[in-house]
Amino acid sequence: MMKKMTCLLILPVIICSITAFTTRPPQKPVLRTIIIDPGHGGFDPGTEGLFSKEKDVALSISLKLGKAIEEAFPDIKLVYTRTTDIMPGNMPTKGQGLHYRAEVANKSKGDLFICIHANNDGHTPGTYAAHRVIGHKYVGKKKKRRVPIYETYYVKNTRVGTGSYIWKADRNVFKGNAISEAEGGGEVDDSTEKAANAFDMSSPEAKIKAQLYEKKYFANSALFATLVENEFVKAGRHSDGVMQRDEGIQVLQATGMPSVLIETGFLSNKEEEIYLNSEEGQDEIVRNIVDALRKYKDTIEGHASGTEANGTSNTSGR
């Protein structure tokens, strides 16, 4: 269901923030491990369309995405939170499943967390009943009161489009904790890693380090999300842009790395549901994400300026 949200304006300052962390050519690739998280699973179907469930669409797209990333970037390690129709870790509750997803990502020392979902607009899929006032009548014997007369009519669900979420900025304390648990994430040499092992992660120094990584990871998350939405727009999709949900998204806050949740489309729209379940549609979505990943990788590893991230505009389309 769509929830109250605030849009994030992506400004060139994001690129400046990232550049500050990549002024020197990296000795090793920055993007070494990617976590792919198919949303929902098992007893949790997610949203449902006329003939499909979000958990199945997310899993199918995620597996194809992993295969495409392996082909395009053979040196990148992939870790999945699930590869079958189960709640990740076979956990008995959604809350424990979310904790398991983040735990897998953090223990794997991921450099990027990609969560795949599908959306709905809060109405029943296909068409939904709506009501309008067509007149009034008086009821009651002694003291009559005027009440409306309603007519029921049906509305075709036409909501389409993509959207990418990053964690809510005011939840940085949670992100900082996740970063600390992952020992700062990012790239370290042997001497730094040895020092980190002896480092008190609850110390003020560790908290300062986590805050620095928060800024870096927030900028990188916004960059990757913007590049993904740009590619969707190029493919003719409508994009709602890069957003933050007011109540936050737990799995994004609990992962100590750049983290993005991608809404690939609306299952509540009949035509878009067909697209999301088709080979052609899923292949296009995967291709868009991989193209964005290529630009993101080049940018954070110092091989490109990242100007592709500027100027996302919404267009109507599929």
# chains A, B, ... in the order shown; residues from 1 in each chain; ligands from 1
>>> closest_atom_pairs(of="range 208-246 of chain A", to="range 114-129 of chain A", cutoff="12 Å", atoms="only C-alpha atoms", output="Markdown table")
| residue | atom | partner | partner_atom | distance |
| --- | --- | --- | --- | --- |
| A:Ser221 | CA | A:Ile114 | CA | 9.8 |
| A:Phe224 | CA | A:Ile114 | CA | 9.8 |
| A:Ala225 | CA | A:Ile114 | CA | 9.6 |
| A:Val228 | CA | A:Ile114 | CA | 10.9 |
| A:Asp240 | CA | A:Asn119 | CA | 11.9 |
>>> residues_around(residues="Ile61 in chain A", least_positions_apart="3", cutoff="7 Å", atoms="only C-alpha atoms", output="list in words")
Val57, Ala58, Lys64, Leu65, Gln282 and Val286 of chain A
>>> closest_atom_pairs(of="range 213-299 of chain A", to="range 143-158 of chain A", cutoff="8 Å", atoms="only C-alpha atoms", output="Markdown table")
| residue | atom | partner | partner_atom | distance |
| --- | --- | --- | --- | --- |
| A:Ser268 | CA | A:Asn157 | CA | 6.6 |
| A:Asn269 | CA | A:Asn157 | CA | 5.3 |
| A:Lys270 | CA | A:Asn157 | CA | 7.5 |
>>> atom_distance(atom1="CA of Asp75 in chain A", atom2="CA of Val251 in chain A")
25.9 Å
>>> residues_around(residues="range 292-295 of chain A", least_positions_apart="5", cutoff="9 Å", atoms="only C-alpha atoms", output="PDB file with N, CA and C atoms, in the first residue's frame")
ATOM      1  N   ILE A  69      24.178  -9.346 -13.497  1.00  0.00           N
ATOM      2  CA  ILE A  69      25.329  -8.728 -12.832  1.00  0.00           C
ATOM      3  C   ILE A  69      26.548  -9.638 -12.922  1.00  0.00           C
ATOM      4  N   ALA A  72      27.924  -9.205 -16.395  1.00  0.00           N
ATOM      5  CA  ALA A  72      28.500  -7.884 -16.669  1.00  0.00           C
ATOM      6  C   ALA A  72      29.708  -7.585 -15.784  1.00  0.00           C
ATOM      7  N   PHE A  73      29.688  -8.100 -14.555  1.00  0.00           N
ATOM      8  CA  PHE A  73      30.757  -7.809 -13.590  1.00  0.00           C
ATOM      9  C   PHE A  73      31.185  -9.113 -12.909  1.00  0.00           C
ATOM     10  N   PHE A 224      22.896   6.046  -6.574  1.00  0.00           N
ATOM     11  CA  PHE A 224      22.482   4.824  -7.262  1.00  0.00           C
ATOM     12  C   PHE A 224      20.979   4.846  -7.551  1.00  0.00           C
ATOM     13  N   ALA A 225      20.181   5.263  -6.578  1.00  0.00           N
ATOM     14  CA  ALA A 225      18.729   5.321  -6.775  1.00  0.00           C
ATOM     15  C   ALA A 225      18.368   6.258  -7.924  1.00  0.00           C
ATOM     16  N   THR A 226      19.049   7.392  -8.001  1.00  0.00           N
ATOM     17  CA  THR A 226      18.774   8.360  -9.079  1.00  0.00           C
ATOM     18  C   THR A 226      19.152   7.800 -10.441  1.00  0.00           C
ATOM     19  N   LEU A 227      20.291   7.125 -10.506  1.00  0.00           N
ATOM     20  CA  LEU A 227      20.718   6.516 -11.763  1.00  0.00           C
ATOM     21  C   LEU A 227      19.730   5.438 -12.214  1.00  0.00           C
ATOM     22  N   VAL A 228      19.208   4.663 -11.272  1.00  0.00           N
ATOM     23  CA  VAL A 228      18.213   3.639 -11.609  1.00  0.00           C
ATOM     24  C   VAL A 228      16.965   4.292 -12.190  1.00  0.00           C
ATOM     25  N   GLU A 229      16.472   5.336 -11.518  1.00  0.00           N
ATOM     26  CA  GLU A 229      15.256   5.998 -12.002  1.00  0.00           C
ATOM     27  C   GLU A 229      15.491   6.669 -13.356  1.00  0.00           C
ATOM     28  N   ASN A 230      16.687   7.197 -13.568  1.00  0.00           N
ATOM     29  CA  ASN A 230      17.015   7.778 -14.879  1.00  0.00           C
ATOM     30  C   ASN A 230      16.905   6.732 -15.991  1.00  0.00           C
ATOM     31  N   GLU A 231      17.392   5.527 -15.705  1.00  0.00           N
ATOM     32  CA  GLU A 231      17.335   4.467 -16.715  1.00  0.00           C
ATOM     33  C   GLU A 231      15.898   4.038 -16.985  1.00  0.00           C
ATOM     34  N   ARG A 287      17.881  -4.883 -17.223  1.00  0.00           N
ATOM     35  CA  ARG A 287      18.834  -4.140 -18.058  1.00  0.00           C
ATOM     36  C   ARG A 287      18.971  -2.698 -17.546  1.00  0.00           C
ATOM     37  N   ILE A 300      31.786   5.843  -8.370  1.00  0.00           N
ATOM     38  CA  ILE A 300      32.369   5.710  -7.031  1.00  0.00           C
ATOM     39  C   ILE A 300      33.803   5.186  -7.077  1.00  0.00           C
ATOM     40  N   ALA A 304      34.331   8.053 -13.625  1.00  0.00           N
ATOM     41  CA  ALA A 304      33.372   8.926 -14.306  1.00  0.00           C
ATOM     42  C   ALA A 304      32.993  10.057 -13.376  1.00  0.00           C
ATOM     43  N   GLY A 306      29.934  11.194 -12.890  1.00  0.00           N
ATOM     44  CA  GLY A 306      28.649  10.975 -12.241  1.00  0.00           C
ATOM     45  C   GLY A 306      27.591  11.984 -12.626  1.00  0.00           C
ATOM     46  N   GLU A 308      25.540  11.903 -14.849  1.00  0.00           N
ATOM     47  CA  GLU A 308      24.300  11.247 -15.245  1.00  0.00           C
ATOM     48  C   GLU A 308      23.258  11.341 -14.143  1.00  0.00           C
TER      49      GLU A 308
END
>>> residues_around(residues="range 98-104 of chain A", least_positions_apart="6", cutoff="7 Å", atoms="only C-alpha atoms", output="PyMOL selection string")
chain A and resi 81+88-89+251+254-255
>>> select_by_dssp(residues="range 84-155 of chain A", states="helix (DSSP H, G or I)", output="PyMOL selection string")
chain A and resi 88-90+94-107
